[in-house]
file query.cif (mmCIF, N, CA and C atoms)
data_upload
loop_
_atom_site.label_atom_id
_atom_site.label_comp_id
_atom_site.auth_asym_id
_atom_site.auth_seq_id
_atom_site.Cartn_x
_atom_site.Cartn_y
_atom_site.Cartn_z
N MET A 1 -1.60 1.54 -6.26
CA MET A 1 -1.72 1.10 -7.63
C MET A 1 -1.47 -0.41 -7.69
N HIS A 2 -2.26 -1.07 -8.48
CA HIS A 2 -2.12 -2.52 -8.61
C HIS A 2 -0.84 -2.83 -9.39
N PRO A 3 -0.03 -3.77 -8.88
CA PRO A 3 1.20 -4.13 -9.58
C PRO A 3 0.96 -4.58 -11.03
N LYS A 4 -0.19 -5.20 -11.28
CA LYS A 4 -0.50 -5.63 -12.64
C LYS A 4 -0.57 -4.43 -13.57
N GLN A 5 -1.14 -3.33 -13.09
CA GLN A 5 -1.25 -2.11 -13.90
C GLN A 5 0.13 -1.54 -14.19
N ILE A 6 1.01 -1.56 -13.20
CA ILE A 6 2.38 -1.08 -13.40
C ILE A 6 3.08 -1.91 -14.47
N CYS A 7 2.95 -3.23 -14.37
CA CYS A 7 3.57 -4.13 -15.36
C CYS A 7 3.01 -3.88 -16.76
N THR A 8 1.69 -3.73 -16.86
CA THR A 8 1.03 -3.48 -18.14
C THR A 8 1.49 -2.16 -18.74
N ASP A 9 1.56 -1.12 -17.92
CA ASP A 9 1.98 0.19 -18.41
C ASP A 9 3.41 0.14 -18.93
N ILE A 10 4.28 -0.56 -18.23
CA ILE A 10 5.68 -0.67 -18.66
C ILE A 10 5.78 -1.44 -19.97
N GLN A 11 4.99 -2.50 -20.09
CA GLN A 11 5.00 -3.27 -21.34
C GLN A 11 4.51 -2.44 -22.51
N SER A 12 3.54 -1.57 -22.25
CA SER A 12 3.02 -0.72 -23.34
C SER A 12 4.06 0.28 -23.82
N MET A 13 5.09 0.52 -23.01
CA MET A 13 6.18 1.42 -23.39
C MET A 13 7.32 0.68 -24.08
N GLY A 14 7.19 -0.65 -24.21
CA GLY A 14 8.22 -1.43 -24.87
C GLY A 14 9.28 -1.97 -23.94
N SER A 15 8.96 -2.00 -22.66
CA SER A 15 9.88 -2.52 -21.67
C SER A 15 9.19 -3.66 -20.94
N LYS A 16 9.88 -4.24 -19.96
CA LYS A 16 9.29 -5.35 -19.23
C LYS A 16 9.96 -5.46 -17.86
N LEU A 17 9.18 -5.86 -16.87
CA LEU A 17 9.72 -6.14 -15.54
C LEU A 17 10.03 -7.63 -15.46
N VAL A 18 11.25 -7.94 -15.03
CA VAL A 18 11.70 -9.32 -14.97
C VAL A 18 12.15 -9.64 -13.55
N LEU A 19 11.70 -10.77 -13.07
CA LEU A 19 12.05 -11.24 -11.74
C LEU A 19 13.14 -12.30 -11.87
N GLU A 20 14.27 -12.06 -11.20
CA GLU A 20 15.36 -13.04 -11.15
C GLU A 20 15.70 -13.26 -9.70
N GLY A 21 15.22 -14.37 -9.15
CA GLY A 21 15.43 -14.63 -7.72
C GLY A 21 14.69 -13.61 -6.90
N GLU A 22 15.42 -12.88 -6.07
CA GLU A 22 14.84 -11.84 -5.22
C GLU A 22 14.93 -10.46 -5.85
N ASP A 23 15.52 -10.38 -7.05
CA ASP A 23 15.75 -9.09 -7.69
C ASP A 23 14.76 -8.83 -8.80
N LEU A 24 14.43 -7.57 -8.96
CA LEU A 24 13.52 -7.12 -10.00
C LEU A 24 14.32 -6.24 -10.96
N PHE A 25 14.21 -6.53 -12.24
CA PHE A 25 14.95 -5.78 -13.25
C PHE A 25 13.99 -5.21 -14.29
N ILE A 26 14.38 -4.09 -14.86
CA ILE A 26 13.62 -3.49 -15.95
C ILE A 26 14.40 -3.75 -17.24
N GLU A 27 13.79 -4.51 -18.14
CA GLU A 27 14.40 -4.71 -19.46
C GLU A 27 14.18 -3.44 -20.27
N ASN A 28 15.18 -3.02 -20.98
CA ASN A 28 15.10 -1.81 -21.81
C ASN A 28 14.68 -0.59 -20.99
N PRO A 29 15.38 -0.30 -19.90
CA PRO A 29 14.99 0.81 -19.05
C PRO A 29 14.99 2.17 -19.75
N GLU A 30 15.72 2.27 -20.85
CA GLU A 30 15.77 3.53 -21.59
C GLU A 30 14.42 3.87 -22.24
N LYS A 31 13.53 2.90 -22.31
CA LYS A 31 12.22 3.12 -22.93
C LYS A 31 11.17 3.67 -21.96
N ILE A 32 11.49 3.73 -20.68
CA ILE A 32 10.51 4.24 -19.72
C ILE A 32 11.01 5.56 -19.11
N TYR A 33 10.08 6.33 -18.61
CA TYR A 33 10.40 7.60 -17.98
C TYR A 33 11.00 7.37 -16.60
N PRO A 34 11.86 8.28 -16.14
CA PRO A 34 12.43 8.15 -14.79
C PRO A 34 11.36 8.08 -13.70
N GLU A 35 10.24 8.76 -13.91
CA GLU A 35 9.15 8.74 -12.93
C GLU A 35 8.55 7.34 -12.81
N ILE A 36 8.50 6.63 -13.93
CA ILE A 36 7.98 5.26 -13.92
C ILE A 36 8.95 4.35 -13.19
N GLU A 37 10.23 4.55 -13.40
CA GLU A 37 11.24 3.77 -12.69
C GLU A 37 11.13 4.00 -11.19
N GLU A 38 10.89 5.25 -10.79
CA GLU A 38 10.70 5.56 -9.37
C GLU A 38 9.46 4.85 -8.82
N LEU A 39 8.40 4.78 -9.62
CA LEU A 39 7.19 4.08 -9.21
C LEU A 39 7.48 2.60 -9.00
N VAL A 40 8.23 2.01 -9.90
CA VAL A 40 8.61 0.60 -9.77
C VAL A 40 9.39 0.39 -8.48
N ILE A 41 10.33 1.26 -8.20
CA ILE A 41 11.11 1.15 -6.97
C ILE A 41 10.21 1.28 -5.75
N SER A 42 9.25 2.19 -5.78
CA SER A 42 8.35 2.42 -4.65
C SER A 42 7.44 1.23 -4.36
N TYR A 43 7.12 0.46 -5.39
CA TYR A 43 6.21 -0.67 -5.24
C TYR A 43 6.90 -2.00 -5.49
N LYS A 44 8.21 -2.03 -5.37
CA LYS A 44 9.01 -3.20 -5.71
C LYS A 44 8.52 -4.48 -5.03
N VAL A 45 8.30 -4.43 -3.74
CA VAL A 45 7.90 -5.64 -3.00
C VAL A 45 6.57 -6.17 -3.52
N ARG A 46 5.60 -5.30 -3.75
CA ARG A 46 4.30 -5.75 -4.25
C ARG A 46 4.41 -6.28 -5.67
N ILE A 47 5.25 -5.66 -6.49
CA ILE A 47 5.44 -6.14 -7.87
C ILE A 47 6.05 -7.53 -7.85
N ILE A 48 7.04 -7.74 -6.99
CA ILE A 48 7.64 -9.06 -6.87
C ILE A 48 6.60 -10.08 -6.43
N GLN A 49 5.77 -9.74 -5.45
CA GLN A 49 4.71 -10.64 -5.01
C GLN A 49 3.77 -10.96 -6.17
N PHE A 50 3.41 -9.94 -6.94
CA PHE A 50 2.52 -10.14 -8.08
C PHE A 50 3.15 -11.08 -9.11
N LEU A 51 4.41 -10.83 -9.47
CA LEU A 51 5.08 -11.65 -10.47
C LEU A 51 5.25 -13.10 -10.01
N ARG A 52 5.30 -13.31 -8.71
CA ARG A 52 5.37 -14.67 -8.16
C ARG A 52 4.00 -15.32 -8.05
N GLY A 53 2.94 -14.56 -8.29
CA GLY A 53 1.59 -15.08 -8.15
C GLY A 53 1.08 -15.06 -6.73
N GLU A 54 1.69 -14.25 -5.88
CA GLU A 54 1.33 -14.17 -4.46
C GLU A 54 0.49 -12.94 -4.12
N TYR A 55 0.03 -12.23 -5.12
CA TYR A 55 -0.69 -10.98 -4.90
C TYR A 55 -2.11 -11.12 -5.43
N SER A 56 -3.01 -11.57 -4.56
CA SER A 56 -4.40 -11.83 -4.96
C SER A 56 -5.21 -10.54 -4.96
N GLN A 57 -6.42 -10.65 -5.46
CA GLN A 57 -7.33 -9.49 -5.45
C GLN A 57 -7.67 -9.11 -4.02
N LYS A 58 -7.80 -10.09 -3.14
CA LYS A 58 -8.08 -9.80 -1.71
C LYS A 58 -6.91 -9.02 -1.10
N VAL A 59 -5.68 -9.46 -1.37
CA VAL A 59 -4.51 -8.74 -0.87
C VAL A 59 -4.52 -7.32 -1.41
N HIS A 60 -4.85 -7.16 -2.70
CA HIS A 60 -4.88 -5.82 -3.28
C HIS A 60 -5.93 -4.95 -2.60
N SER A 61 -7.09 -5.50 -2.33
CA SER A 61 -8.14 -4.72 -1.65
C SER A 61 -7.66 -4.22 -0.29
N ILE A 62 -6.98 -5.08 0.43
CA ILE A 62 -6.47 -4.71 1.75
C ILE A 62 -5.42 -3.61 1.61
N LYS A 63 -4.45 -3.82 0.72
CA LYS A 63 -3.37 -2.84 0.52
C LYS A 63 -3.93 -1.51 0.01
N GLN A 64 -4.88 -1.58 -0.91
CA GLN A 64 -5.47 -0.37 -1.47
C GLN A 64 -6.21 0.43 -0.39
N THR A 65 -6.88 -0.27 0.52
CA THR A 65 -7.59 0.42 1.60
C THR A 65 -6.61 1.18 2.49
N ILE A 66 -5.51 0.54 2.85
CA ILE A 66 -4.52 1.21 3.69
C ILE A 66 -3.88 2.36 2.92
N ASP A 67 -3.62 2.18 1.63
CA ASP A 67 -3.08 3.27 0.82
C ASP A 67 -4.03 4.46 0.81
N LYS A 68 -5.34 4.20 0.76
CA LYS A 68 -6.33 5.28 0.80
C LYS A 68 -6.30 6.01 2.15
N ILE A 69 -6.06 5.26 3.22
CA ILE A 69 -5.97 5.89 4.54
C ILE A 69 -4.73 6.78 4.62
N VAL A 70 -3.62 6.31 4.06
CA VAL A 70 -2.41 7.14 4.00
C VAL A 70 -2.71 8.41 3.21
N ASP A 71 -3.37 8.27 2.07
CA ASP A 71 -3.74 9.43 1.25
C ASP A 71 -4.64 10.39 2.03
N PHE A 72 -5.55 9.85 2.82
CA PHE A 72 -6.44 10.66 3.66
C PHE A 72 -5.61 11.58 4.56
N TYR A 73 -4.57 11.05 5.15
CA TYR A 73 -3.71 11.86 6.01
C TYR A 73 -2.89 12.87 5.20
N HIS A 74 -2.49 12.48 4.00
CA HIS A 74 -1.76 13.41 3.12
C HIS A 74 -2.63 14.59 2.73
N GLU A 75 -3.92 14.35 2.63
CA GLU A 75 -4.86 15.40 2.23
C GLU A 75 -5.26 16.28 3.41
N GLY A 76 -4.70 16.04 4.57
CA GLY A 76 -5.01 16.86 5.73
C GLY A 76 -6.25 16.42 6.48
N CYS A 77 -6.63 15.17 6.35
CA CYS A 77 -7.77 14.59 7.09
C CYS A 77 -9.07 15.35 6.82
N PRO A 78 -9.54 15.36 5.58
CA PRO A 78 -10.78 16.07 5.27
C PRO A 78 -11.94 15.64 6.17
N VAL A 79 -12.59 16.62 6.75
CA VAL A 79 -13.68 16.35 7.69
C VAL A 79 -14.84 15.63 7.00
N GLU A 80 -15.13 16.00 5.78
CA GLU A 80 -16.26 15.41 5.05
C GLU A 80 -15.84 14.17 4.28
N SER A 81 -15.27 13.21 4.97
CA SER A 81 -14.87 11.98 4.30
C SER A 81 -15.34 10.77 5.09
N LYS A 82 -15.51 9.67 4.38
CA LYS A 82 -15.93 8.43 5.03
C LYS A 82 -14.87 7.95 6.01
N ILE A 83 -13.61 8.12 5.66
CA ILE A 83 -12.53 7.67 6.55
C ILE A 83 -12.56 8.46 7.84
N ASN A 84 -12.77 9.77 7.76
CA ASN A 84 -12.84 10.58 8.97
C ASN A 84 -14.00 10.14 9.85
N SER A 85 -15.14 9.90 9.24
CA SER A 85 -16.31 9.46 10.00
C SER A 85 -16.02 8.14 10.71
N TRP A 86 -15.44 7.21 10.00
CA TRP A 86 -15.09 5.91 10.58
C TRP A 86 -14.14 6.08 11.77
N LEU A 87 -13.07 6.82 11.58
CA LEU A 87 -12.07 6.96 12.65
C LEU A 87 -12.60 7.76 13.83
N GLN A 88 -13.57 8.64 13.58
CA GLN A 88 -14.21 9.36 14.68
C GLN A 88 -15.04 8.40 15.55
N HIS A 89 -15.50 7.31 14.96
CA HIS A 89 -16.36 6.37 15.67
C HIS A 89 -15.64 5.08 16.09
N ASP A 90 -14.39 4.93 15.70
CA ASP A 90 -13.67 3.70 15.99
C ASP A 90 -12.27 4.02 16.52
N GLU A 91 -12.22 4.33 17.79
CA GLU A 91 -10.96 4.72 18.42
C GLU A 91 -9.92 3.60 18.35
N LYS A 92 -10.36 2.36 18.44
CA LYS A 92 -9.41 1.25 18.39
C LYS A 92 -8.68 1.21 17.05
N SER A 93 -9.40 1.43 15.96
CA SER A 93 -8.75 1.47 14.65
C SER A 93 -7.78 2.63 14.55
N LEU A 94 -8.16 3.77 15.09
CA LEU A 94 -7.28 4.93 15.09
C LEU A 94 -5.99 4.62 15.83
N ARG A 95 -6.11 3.97 16.98
CA ARG A 95 -4.91 3.58 17.74
C ARG A 95 -4.07 2.58 16.96
N MET A 96 -4.73 1.64 16.31
CA MET A 96 -4.01 0.65 15.51
C MET A 96 -3.25 1.33 14.37
N LEU A 97 -3.86 2.34 13.75
CA LEU A 97 -3.18 3.07 12.69
C LEU A 97 -1.95 3.81 13.22
N MET A 98 -2.06 4.37 14.42
CA MET A 98 -0.90 5.04 15.01
C MET A 98 0.24 4.04 15.23
N ILE A 99 -0.11 2.87 15.70
CA ILE A 99 0.91 1.82 15.90
C ILE A 99 1.49 1.41 14.54
N LEU A 100 0.63 1.27 13.54
CA LEU A 100 1.08 0.91 12.20
C LEU A 100 2.06 1.94 11.65
N TRP A 101 1.71 3.22 11.77
CA TRP A 101 2.60 4.27 11.27
C TRP A 101 3.96 4.19 11.96
N ARG A 102 3.95 3.94 13.26
CA ARG A 102 5.21 3.84 14.01
C ARG A 102 6.03 2.63 13.55
N GLU A 103 5.36 1.49 13.36
CA GLU A 103 6.05 0.29 12.90
C GLU A 103 6.67 0.51 11.52
N LEU A 104 5.91 1.13 10.63
CA LEU A 104 6.43 1.41 9.29
C LEU A 104 7.60 2.38 9.36
N TYR A 105 7.48 3.40 10.21
CA TYR A 105 8.56 4.36 10.41
C TYR A 105 9.82 3.65 10.90
N ASP A 106 9.64 2.75 11.85
CA ASP A 106 10.78 1.98 12.37
C ASP A 106 11.41 1.11 11.28
N ASN A 107 10.63 0.76 10.26
CA ASN A 107 11.13 -0.04 9.13
C ASN A 107 11.78 0.84 8.05
N GLY A 108 11.82 2.16 8.28
CA GLY A 108 12.47 3.06 7.34
C GLY A 108 11.56 3.93 6.50
N TRP A 109 10.25 3.79 6.68
CA TRP A 109 9.28 4.54 5.88
C TRP A 109 9.23 5.99 6.32
N ASN A 110 9.02 6.88 5.35
CA ASN A 110 8.66 8.26 5.69
C ASN A 110 7.33 8.54 5.02
N PHE A 111 6.62 9.48 5.55
CA PHE A 111 5.23 9.71 5.18
C PHE A 111 5.05 10.19 3.75
N ASN A 112 6.11 10.48 3.05
CA ASN A 112 6.00 11.00 1.69
C ASN A 112 6.20 9.95 0.61
N GLU A 113 6.12 8.69 0.98
CA GLU A 113 6.30 7.62 0.01
C GLU A 113 5.33 6.49 0.31
N PRO A 114 5.07 5.63 -0.69
CA PRO A 114 4.19 4.49 -0.44
C PRO A 114 4.77 3.56 0.63
N ILE A 115 3.90 2.85 1.32
CA ILE A 115 4.34 1.97 2.40
C ILE A 115 4.80 0.61 1.89
N ALA A 116 4.61 0.33 0.61
CA ALA A 116 4.79 -1.00 0.05
C ALA A 116 6.11 -1.67 0.41
N ASN A 117 7.19 -0.96 0.41
CA ASN A 117 8.50 -1.58 0.65
C ASN A 117 8.88 -1.62 2.13
N TYR A 118 8.00 -1.22 3.00
CA TYR A 118 8.32 -1.15 4.43
C TYR A 118 7.43 -2.05 5.28
N GLU A 119 6.61 -2.84 4.62
CA GLU A 119 5.72 -3.75 5.32
C GLU A 119 6.49 -5.00 5.74
N ASP A 120 6.07 -5.56 6.85
CA ASP A 120 6.64 -6.82 7.31
C ASP A 120 5.50 -7.64 7.93
N GLU A 121 5.83 -8.75 8.52
CA GLU A 121 4.80 -9.64 9.07
C GLU A 121 3.94 -8.91 10.10
N HIS A 122 4.56 -8.12 10.97
CA HIS A 122 3.81 -7.42 12.02
C HIS A 122 2.92 -6.33 11.42
N THR A 123 3.45 -5.54 10.48
CA THR A 123 2.62 -4.49 9.89
C THR A 123 1.49 -5.10 9.06
N ASN A 124 1.77 -6.22 8.40
CA ASN A 124 0.71 -6.89 7.63
C ASN A 124 -0.43 -7.36 8.53
N LYS A 125 -0.09 -7.81 9.72
CA LYS A 125 -1.12 -8.23 10.68
C LYS A 125 -1.98 -7.03 11.07
N LEU A 126 -1.33 -5.90 11.37
CA LEU A 126 -2.07 -4.69 11.71
C LEU A 126 -2.94 -4.23 10.54
N VAL A 127 -2.38 -4.25 9.35
CA VAL A 127 -3.11 -3.85 8.15
C VAL A 127 -4.36 -4.70 7.98
N ASN A 128 -4.23 -6.00 8.14
CA ASN A 128 -5.38 -6.89 8.00
C ASN A 128 -6.45 -6.59 9.05
N GLU A 129 -6.03 -6.34 10.29
CA GLU A 129 -6.98 -6.03 11.35
C GLU A 129 -7.70 -4.71 11.09
N VAL A 130 -6.95 -3.69 10.67
CA VAL A 130 -7.56 -2.39 10.37
C VAL A 130 -8.53 -2.54 9.20
N TYR A 131 -8.13 -3.28 8.19
CA TYR A 131 -9.00 -3.51 7.03
C TYR A 131 -10.31 -4.16 7.46
N GLU A 132 -10.23 -5.21 8.26
CA GLU A 132 -11.44 -5.90 8.71
C GLU A 132 -12.35 -4.97 9.51
N ARG A 133 -11.76 -4.16 10.38
CA ARG A 133 -12.55 -3.20 11.16
C ARG A 133 -13.20 -2.16 10.25
N ALA A 134 -12.45 -1.69 9.26
CA ALA A 134 -13.00 -0.71 8.33
C ALA A 134 -14.16 -1.31 7.53
N MET A 135 -13.99 -2.52 7.03
CA MET A 135 -15.06 -3.14 6.25
C MET A 135 -16.30 -3.39 7.11
N THR A 136 -16.09 -3.78 8.34
CA THR A 136 -17.22 -3.98 9.24
C THR A 136 -17.97 -2.65 9.42
N TYR A 137 -17.23 -1.58 9.65
CA TYR A 137 -17.85 -0.25 9.84
C TYR A 137 -18.60 0.18 8.58
N PHE A 138 -17.95 0.07 7.42
CA PHE A 138 -18.56 0.57 6.19
C PHE A 138 -19.72 -0.30 5.70
N LYS A 139 -19.81 -1.52 6.19
CA LYS A 139 -20.94 -2.37 5.84
C LYS A 139 -22.07 -2.22 6.84
N GLY A 140 -21.93 -1.25 7.74
CA GLY A 140 -23.02 -0.94 8.65
C GLY A 140 -22.94 -1.61 10.00
N GLY A 141 -21.87 -2.34 10.27
CA GLY A 141 -21.71 -2.97 11.57
C GLY A 141 -20.90 -2.10 12.50
N LYS A 142 -20.71 -2.57 13.70
CA LYS A 142 -19.86 -1.85 14.64
C LYS A 142 -18.47 -2.42 14.55
N ALA A 143 -17.50 -1.53 14.53
CA ALA A 143 -16.11 -1.96 14.47
C ALA A 143 -15.63 -2.33 15.85
#
call {"tool": "encode", "arguments": {"input": "query.cif", "output": "structure tokens"}}
result
Amino acid sequence: MHPKQICTDIQSMGSKLVLEGEDLFIENPEKIYPEIEELVISYKVRIIQFLRGEYSQKVHSIKQTIDKIVDFYHEGCPVESKINSWLQHDEKSLRMLMILWRELYDNGWNFNEPIANYEDEHTNKLVNEVYERAMTYFKGGKA
């Protein structure tokens, strides 16, 4: 989910996300549902990047692509999917994803939550490489 959408949704409830230094606060937290607060916590790092102006549309496209790959695995790797077709034809990307999952796990991530708060410089490099390989494949080139 795009951090801008999270901020907009919270504002529509009469609350606001405020950045103070490295901390993110919810003004009037009593106005939002606990599930929304959990969403904010799950995407805290990306929301902070967005509020600082460091979250471009290109960054969102990359993050969204990796989030879709995580969802693909949550869905049990549906055979009739574009992601499955790509990974069947691009072993290097599949290996890179395995390394990415391990790196995220080492950073404290578990497979039942978004990866947003567990990314670091190394995982971001892997994410960018996987994204580029995926876009090359889906645009008809060889990954």
call {"tool": "residues_around", "arguments": {"input": "query.cif", "residues": "Lys125 of chain A", "least_positions_apart": "4", "cutoff": "12 Å", "atoms": "only C-alpha atoms", "output": "PyMOL selection string"}}
result
chain A and resi 62-63+96-97+99-100+103+119-121+129-132
call {"tool": "write_last_selection", "arguments": {"input": "query.cif", "atoms": "N, CA and C atoms", "output": "compact mmCIF listing (two decimals), in the frame of the given file"}}
result
# COMPACT_ATOMS: atom_id res chain seq x y z
N ILE A 62 -6.98 -5.08 0.43
CA ILE A 62 -6.47 -4.71 1.75
C ILE A 62 -5.42 -3.61 1.61
N LYS A 63 -4.45 -3.82 0.72
CA LYS A 63 -3.37 -2.84 0.52
C LYS A 63 -3.93 -1.51 0.01
N MET A 96 -4.73 1.64 16.31
CA MET A 96 -4.01 0.65 15.51
C MET A 96 -3.25 1.33 14.37
N LEU A 97 -3.86 2.34 13.75
CA LEU A 97 -3.18 3.07 12.69
C LEU A 97 -1.95 3.81 13.22
N ILE A 99 -0.11 2.87 15.70
CA ILE A 99 0.91 1.82 15.90
C ILE A 99 1.49 1.41 14.54
N LEU A 100 0.63 1.27 13.54
CA LEU A 100 1.08 0.91 12.20
C LEU A 100 2.06 1.94 11.65
N GLU A 103 5.36 1.49 13.36
CA GLU A 103 6.05 0.29 12.90
C GLU A 103 6.67 0.51 11.52
N GLU A 119 6.61 -2.84 4.62
CA GLU A 119 5.72 -3.75 5.32
C GLU A 119 6.49 -5.00 5.74
N ASP A 120 6.07 -5.56 6.85
CA ASP A 120 6.64 -6.82 7.31
C ASP A 120 5.50 -7.64 7.93
N GLU A 121 5.83 -8.75 8.52
CA GLU A 121 4.80 -9.64 9.07
C GLU A 121 3.94 -8.91 10.10
N GLU A 129 -6.03 -6.34 10.29
CA GLU A 129 -6.98 -6.03 11.35
C GLU A 129 -7.70 -4.71 11.09
N VAL A 130 -6.95 -3.69 10.67
CA VAL A 130 -7.56 -2.39 10.37
C VAL A 130 -8.53 -2.54 9.20
N TYR A 131 -8.13 -3.28 8.19
CA TYR A 131 -9.00 -3.51 7.03
C TYR A 131 -10.31 -4.16 7.46
N GLU A 132 -10.23 -5.21 8.26
CA GLU A 132 -11.44 -5.90 8.71
C GLU A 132 -12.35 -4.97 9.51
call {"tool": "closest_residue", "arguments": {"input": "query.cif", "among": "A:Lys4, A:Ile83, A:His122, A:Glu22", "to": "Phe50 of chain A", "atoms": "only N, CA and C atoms"}}
result
A:Lys4
call {"tool": "atom_distance", "arguments": {"input": "query.cif", "atom1": "atom N of Ser93 of chain A", "atom2": "atom CA of Tyr137 of chain A"}}
result
10.6 Å
call {"tool": "select_by_dssp", "arguments": {"input": "query.cif", "residues": "chain A", "states": "helix (DSSP H, G or I)", "output": "MDAnalysis selection string"}}
result
chainID A and resid 3:12 29:31 34:42 44:51 57:74 82:89 91:106 116:118 121:138
call {"tool": "closest_residue", "arguments": {"input": "query.cif", "among": "A:Ala116, A:Leu19, A:Leu126, A:Val79", "to": "Arg52 of chain A", "atoms": "all atoms listed in the file"}}
result
A:Leu19
call {"tool": "atom_distance", "arguments": {"input": "query.cif", "atom1": "atom CA of Tyr43 of chain A", "atom2": "atom N of Asn117 of chain A"}}
result
5.7 Å
call {"tool": "atom_distance", "arguments": {"input": "query.cif", "atom1": "atom CA of Gly14 of chain A", "atom2": "atom CA of Lys31 of chain A"}}
result
6.4 Å
call {"tool": "resolve_selection", "arguments": {"input": "query.cif", "expression": "the PyMOL selection byres (((chain A and resi 46 and name CA) around 12) and name CA)", "output": "VMD selection string"}}
result
chain A and resid 1 to 7 24 39 to 45 47 to 56 59 to 60 63 to 64 114 to 120
call {"tool": "closest_residue", "arguments": {"input": "query.cif", "among": "A:Trp86, A:Leu104, A:Tyr33, A:Glu27", "to": "Ala134 of chain A", "atoms": "only N, CA and C atoms"}}
result
A:Trp86
